[in-house]
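Chemist: This is coords-v7.cif, which holds mmCIF, C-alpha atoms:
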```
data_run
#
loop_
_atom_site.label_atom_id
_atom_site.label_comp_id
_atom_site.auth_asym_id
_atom_site.auth_seq_id
_atom_site.Cartn_x
_atom_site.Cartn_y
_atom_site.Cartn_z
CA MET A 1 170.69 57.41 170.47
CA SER A 2 172.12 55.35 173.31
CA ILE A 3 175.55 56.61 174.40
CA LYS A 4 174.66 58.05 177.80
CA GLY A 5 177.43 57.45 180.32
CA LYS A 6 179.95 56.44 177.65
CA THR A 7 183.40 58.01 177.38
CA ALA A 8 184.39 59.56 174.07
CA VAL A 9 187.93 60.61 173.13
CA ILE A 10 187.92 63.17 170.31
CA THR A 11 191.11 64.40 168.67
CA GLY A 12 191.25 67.94 167.32
CA ALA A 13 188.30 68.91 169.50
CA SER A 14 189.07 72.56 170.13
CA ARG A 15 187.28 73.98 167.08
CA GLY A 16 185.49 73.27 163.83
CA ILE A 17 184.04 69.84 163.24
CA GLY A 18 185.77 68.39 166.32
CA LYS A 19 184.15 70.91 168.64
CA VAL A 20 180.68 70.22 167.21
CA ILE A 21 181.24 66.46 167.51
CA ALA A 22 182.18 66.92 171.17
CA GLN A 23 179.07 68.99 171.89
CA THR A 24 176.82 66.57 170.02
CA LEU A 25 178.06 63.52 171.92
CA ALA A 26 177.87 65.47 175.18
CA ALA A 27 174.25 66.37 174.44
CA LEU A 28 173.56 62.63 174.20
CA GLY A 29 175.10 62.04 177.61
CA ALA A 30 178.68 61.00 176.83
CA ASN A 31 181.60 62.24 178.88
CA ILE A 32 184.24 63.87 176.70
CA VAL A 33 188.02 63.79 176.51
CA ALA A 34 188.88 66.69 174.21
CA ASN A 35 192.33 66.44 172.67
CA TYR A 36 193.84 69.63 171.33
CA ILE A 37 197.06 71.29 170.27
CA GLY A 38 197.54 75.03 170.31
CA PRO A 39 195.99 77.85 172.34
CA PRO A 40 194.14 76.52 175.42
CA GLU A 41 191.54 79.31 175.07
CA GLU A 42 189.93 77.48 172.15
CA VAL A 43 189.51 74.15 173.88
CA LYS A 44 188.23 75.92 177.01
CA ALA A 45 185.13 76.88 175.03
CA THR A 46 184.61 73.23 174.07
CA VAL A 47 184.91 72.11 177.68
CA GLU A 48 182.47 74.76 178.92
CA ALA A 49 179.94 73.96 176.19
CA CYS A 50 180.04 70.24 176.96
CA GLU A 51 179.85 70.63 180.73
CA ALA A 52 176.88 72.99 180.33
CA LEU A 53 175.09 69.93 178.93
CA GLY A 54 175.52 68.07 182.22
CA VAL A 55 178.49 65.81 181.46
CA LYS A 56 182.14 65.88 182.42
CA CYS A 57 184.70 67.08 179.88
CA VAL A 58 188.48 67.16 180.27
CA ALA A 59 190.92 68.78 177.85
CA VAL A 60 194.19 66.99 177.11
CA GLU A 61 196.89 68.71 175.10
CA GLY A 62 198.86 66.45 172.79
CA ASP A 63 200.32 66.09 169.32
CA VAL A 64 198.73 63.03 167.68
CA THR A 65 201.84 62.50 165.55
CA LYS A 66 203.77 61.65 168.73
CA PHE A 67 202.97 58.21 170.12
CA GLU A 68 203.99 59.21 173.64
CA ASP A 69 201.50 62.12 173.56
CA CYS A 70 198.77 59.73 172.46
CA GLU A 71 199.68 57.36 175.29
CA LYS A 72 199.24 60.22 177.77
CA LEU A 73 195.88 61.06 176.19
CA PHE A 74 194.50 57.57 176.77
CA GLU A 75 196.10 57.26 180.19
CA ARG A 76 194.28 60.45 181.21
CA ALA A 77 191.01 59.17 179.76
CA LYS A 78 191.32 55.92 181.73
CA ALA A 79 192.27 57.77 184.90
CA GLU A 80 189.27 60.10 184.64
CA PHE A 81 186.59 57.73 183.40
CA GLU A 82 187.97 54.15 183.72
CA THR A 83 186.82 53.22 180.20
CA VAL A 84 187.24 54.45 176.64
CA ASP A 85 184.10 53.58 174.72
CA ILE A 86 184.32 55.84 171.68
CA LEU A 87 187.27 57.22 169.73
CA VAL A 88 186.78 59.88 167.08
CA ASN A 89 189.90 60.44 164.98
CA ASN A 90 189.21 63.98 163.82
CA ALA A 91 192.55 65.84 163.99
CA GLY A 92 193.70 66.89 160.54
CA ILE A 93 195.55 69.52 158.54
CA THR A 94 195.95 70.61 154.92
CA ARG A 95 198.99 71.94 153.05
CA ASP A 96 197.68 72.22 149.52
CA MET A 97 200.02 72.48 146.54
CA LEU A 98 200.42 70.93 143.12
CA ILE A 99 202.62 67.84 143.18
CA ALA A 100 205.27 69.59 141.08
CA LYS A 101 205.64 72.27 143.77
CA MET A 102 204.83 70.29 146.91
CA THR A 103 207.79 69.86 149.24
CA PRO A 104 208.56 66.54 150.93
CA GLU A 105 208.09 68.35 154.24
CA ASP A 106 204.55 69.41 153.31
CA PHE A 107 203.71 65.89 152.19
CA ASP A 108 205.08 64.35 155.38
CA ALA A 109 203.35 66.89 157.66
CA VAL A 110 199.88 66.04 156.34
CA ILE A 111 200.51 62.29 156.32
CA ASN A 112 201.84 62.44 159.88
CA VAL A 113 198.87 64.30 161.36
CA ASN A 114 196.04 62.84 159.33
CA LEU A 115 197.14 59.23 158.89
CA LYS A 116 199.84 58.48 161.46
CA GLY A 117 197.83 60.29 164.12
CA THR A 118 194.83 58.13 163.29
CA PHE A 119 196.98 55.00 163.50
CA ASN A 120 198.47 56.01 166.85
CA CYS A 121 195.08 56.63 168.46
CA THR A 122 193.41 53.62 166.85
CA LYS A 123 196.17 51.34 168.16
CA LEU A 124 195.90 52.67 171.70
CA ALA A 125 192.10 52.78 171.79
CA GLY A 126 191.99 49.30 170.30
CA ARG A 127 194.23 48.01 173.09
CA ILE A 128 191.75 49.29 175.72
CA MET A 129 188.62 48.31 173.82
CA GLN A 130 189.80 44.76 173.17
CA ARG A 131 190.13 44.23 176.92
CA GLN A 132 186.63 45.70 177.36
CA ARG A 133 185.33 43.61 174.44
CA ALA A 134 183.41 46.66 173.24
CA GLY A 135 184.04 49.98 171.56
CA ARG A 136 183.46 52.32 168.66
CA ILE A 137 186.23 53.80 166.51
CA ILE A 138 185.19 56.48 164.02
CA SER A 139 187.71 58.21 161.78
CA ILE A 140 187.12 61.34 159.73
CA SER A 141 188.28 60.69 156.17
CA SER A 142 187.14 62.78 153.18
CA VAL A 143 185.56 62.43 149.76
CA ILE A 144 188.95 63.64 148.52
CA GLY A 145 190.33 60.30 149.69
CA LEU A 146 187.85 58.62 147.34
CA MET A 147 188.07 60.99 144.38
CA GLY A 148 191.43 62.76 144.55
CA ASN A 149 191.72 66.49 143.92
CA ILE A 150 194.11 68.80 142.13
CA GLY A 151 196.56 70.34 144.58
CA GLN A 152 195.79 67.90 147.38
CA ALA A 153 197.98 64.86 146.77
CA ASN A 154 199.12 64.75 150.39
CA TYR A 155 195.62 65.24 151.79
CA ALA A 156 194.06 62.71 149.39
CA ALA A 157 196.73 60.13 150.22
CA SER A 158 196.23 60.61 153.95
CA LYS A 159 192.45 60.33 153.75
CA ALA A 160 192.59 57.31 151.43
CA GLY A 161 194.99 55.74 153.91
CA ILE A 162 192.46 56.27 156.70
CA ILE A 163 189.94 54.25 154.69
CA GLY A 164 192.39 51.34 154.31
CA LEU A 165 193.28 51.54 157.99
CA THR A 166 189.59 51.57 158.93
CA LYS A 167 188.78 48.44 156.95
CA THR A 168 191.80 46.57 158.31
CA ALA A 169 191.09 47.57 161.92
CA ALA A 170 187.45 46.52 161.48
CA LYS A 171 188.60 43.03 160.49
CA GLU A 172 191.17 42.79 163.28
CA PHE A 173 189.00 44.13 166.11
CA GLY A 174 185.57 42.82 165.13
CA ARG A 175 185.73 39.60 167.15
CA ARG A 176 186.18 41.67 170.30
CA GLY A 177 182.94 43.59 169.80
CA ILE A 178 184.58 46.73 168.37
CA THR A 179 183.20 48.49 165.31
CA VAL A 180 185.47 50.65 163.16
CA ASN A 181 184.04 53.01 160.55
CA ALA A 182 185.01 56.10 158.60
CA ILE A 183 183.08 59.19 157.59
CA ALA A 184 183.95 60.96 154.35
CA PRO A 185 182.69 64.54 154.49
CA GLY A 186 182.37 66.56 151.33
CA PHE A 187 182.55 70.35 151.32
CA ILE A 188 181.66 71.41 154.86
CA GLU A 189 181.30 74.98 156.13
CA THR A 190 184.45 75.39 158.23
CA ASP A 191 187.29 77.88 158.61
CA MET A 192 189.00 76.21 155.66
CA THR A 193 186.07 76.80 153.30
CA ALA A 194 185.22 80.25 154.70
CA VAL A 195 188.30 81.77 153.05
CA LEU A 196 187.34 80.54 149.57
CA SER A 197 186.06 83.01 147.01
CA ASP A 198 182.41 83.05 145.93
CA GLU A 199 183.51 81.79 142.51
CA VAL A 200 185.27 78.76 144.02
CA LYS A 201 182.28 78.02 146.26
CA ALA A 202 179.92 78.23 143.28
CA SER A 203 182.13 75.82 141.36
CA MET A 204 182.15 73.43 144.31
CA MET A 205 178.38 73.51 144.69
CA SER A 206 177.87 72.78 141.01
CA ALA A 207 179.32 69.32 141.72
CA ILE A 208 176.96 68.67 144.64
CA PRO A 209 173.49 67.29 143.79
CA LEU A 210 172.00 68.94 146.89
CA ALA A 211 173.56 72.25 145.72
CA LYS A 212 174.73 73.40 149.14
CA LEU A 213 177.63 73.02 151.52
CA GLY A 214 177.27 70.72 154.48
CA SER A 215 177.56 71.80 158.11
CA PRO A 216 179.75 70.42 160.90
CA GLN A 217 176.51 69.28 162.53
CA ASP A 218 175.82 66.98 159.56
CA VAL A 219 179.11 65.22 160.24
CA ALA A 220 178.57 65.17 164.01
CA ASN A 221 175.14 63.58 163.63
CA THR A 222 176.68 60.73 161.64
CA VAL A 223 179.39 60.29 164.27
CA ALA A 224 176.70 60.09 166.95
CA PHE A 225 174.85 57.37 165.07
CA LEU A 226 177.97 55.28 164.48
CA ALA A 227 178.91 55.67 168.14
CA SER A 228 175.54 54.42 169.34
CA GLU A 229 174.14 50.98 170.05
CA GLU A 230 171.81 51.49 167.10
CA ALA A 231 174.86 51.08 164.80
CA ALA A 232 176.11 47.91 166.49
CA TYR A 233 176.08 45.84 163.27
CA ILE A 234 177.86 48.39 161.08
CA THR A 235 181.63 48.08 160.69
CA GLY A 236 184.30 48.58 158.06
CA GLN A 237 182.17 51.14 156.24
CA VAL A 238 182.84 54.55 154.72
CA ILE A 239 179.81 56.83 154.98
CA CYS A 240 179.88 59.87 152.73
CA VAL A 241 178.36 63.03 154.20
CA ASP A 242 178.66 65.03 151.02
CA GLY A 243 175.29 65.94 149.55
CA GLY A 244 175.78 63.28 146.88
CA MET A 245 179.06 64.67 145.58
CA ALA A 246 180.96 61.37 145.45
CA MET A 247 178.23 59.22 143.88
#
```
Could you write out this file's structure as structure tokens?

Modeler:
Amino acid sequence: MSIKGKTAVITGASRGIGKVIAQTLAALGANIVANYIGPPEEVKATVEACEALGVKCVAVEGDVTKFEDCEKLFERAKAEFETVDILVNNAGITRDMLIAKMTPEDFDAVINVNLKGTFNCTKLAGRIMQRQRAGRIISISSVIGLMGNIGQANYAASKAGIIGLTKTAAKEFGRRGITVNAIAPGFIETDMTAVLSDEVKASMMSAIPLAKLGSPQDVANTVAFLASEEAAYITGQVICVDGGMAM
């Protein structure tokens, strides 16, 4: 897929799905700006893995809920690479609890990272890409944003909001050659699912026609396609990477 020489900004790139997305785009020749928050040791592994593939990768610490941090992220990307061709809104958190017990603080925390963070980065990337008259914005939503789930009102609301934001941005930015799409993963093998009991995993898989969990690479491969020239006529879409779960 044709993204060689492009610049990709990826939020939440220090581990999990974000790290695999960074490595996958790097393997296709894209330079990487890896946003992270937390211990620098984790993002160092992302940088080393990407640079081992022959591209340049810079790590930029920043909280996506803070607009000024996001401004610094894109300023650094422009300073290093002159362009921002691809944005992957991947940063996200969960604070699961039944609505009756969920605190306003837990609701706000998830909305702020997952949805406001996506808005902040989409706005700033869009500003750059509109001047370039080209770009790809890809946001990681979830099948939970399409289906809802017990104990995840905050997460479901944030991921459903990403879908609405994606469709609106696609309409606003399309005339400038920018595509905006969302990916809705199902149950993916990550740190969050690793702690689940075998009984819970079995229950989850019973709802998946392919009868298995997905991998971060499944999500990253879809990101790579949407970032490429081969996906130039796809915008405003939500692609489920879920083994058929949300049919």

Chemist: Could you spell out the hits of the PyMOL selection byres ((chain A and resi 236) around 12) on the shown file, as a PyMOL selection string?

Modeler: chain A and resi 136-139+162-174+178-183+226+231-235+237-239

Chemist: Taking 5 positions as the minimum chain separation for residues in the same chain, which residues sit within 7 Å of segment 145-155 of chain A when counting all atoms listed in the file? Answer as JSON, numbers by chain.

Modeler: {"A": [94, 96, 97, 98, 99, 107, 110, 111, 160]}

Chemist: Where does the PyMOL selection byres ((chain A and resi 14-25) around 6) land in this file, that is, which residues does it pick, as a PyMOL selection string?

Modeler: chain A and resi 12-13+26-28+30+36+42-43+46+50+216+220

Chemist: What is the distance, in Å and to one decimal place, between atom CA of Gly177 of chain A and atom CA of Gly135 of chain A?

Modeler: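 Distance between the two atoms: 6.7 Å.
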
Chemist: Suppose a student applies the PyMOL selection byres ((chain A and resi 76) around 12) to this structure; what residues should they get, written as a PyMOL selection string?

Modeler: chain A and resi 7+9+32-35+57-62+69-75+77-84
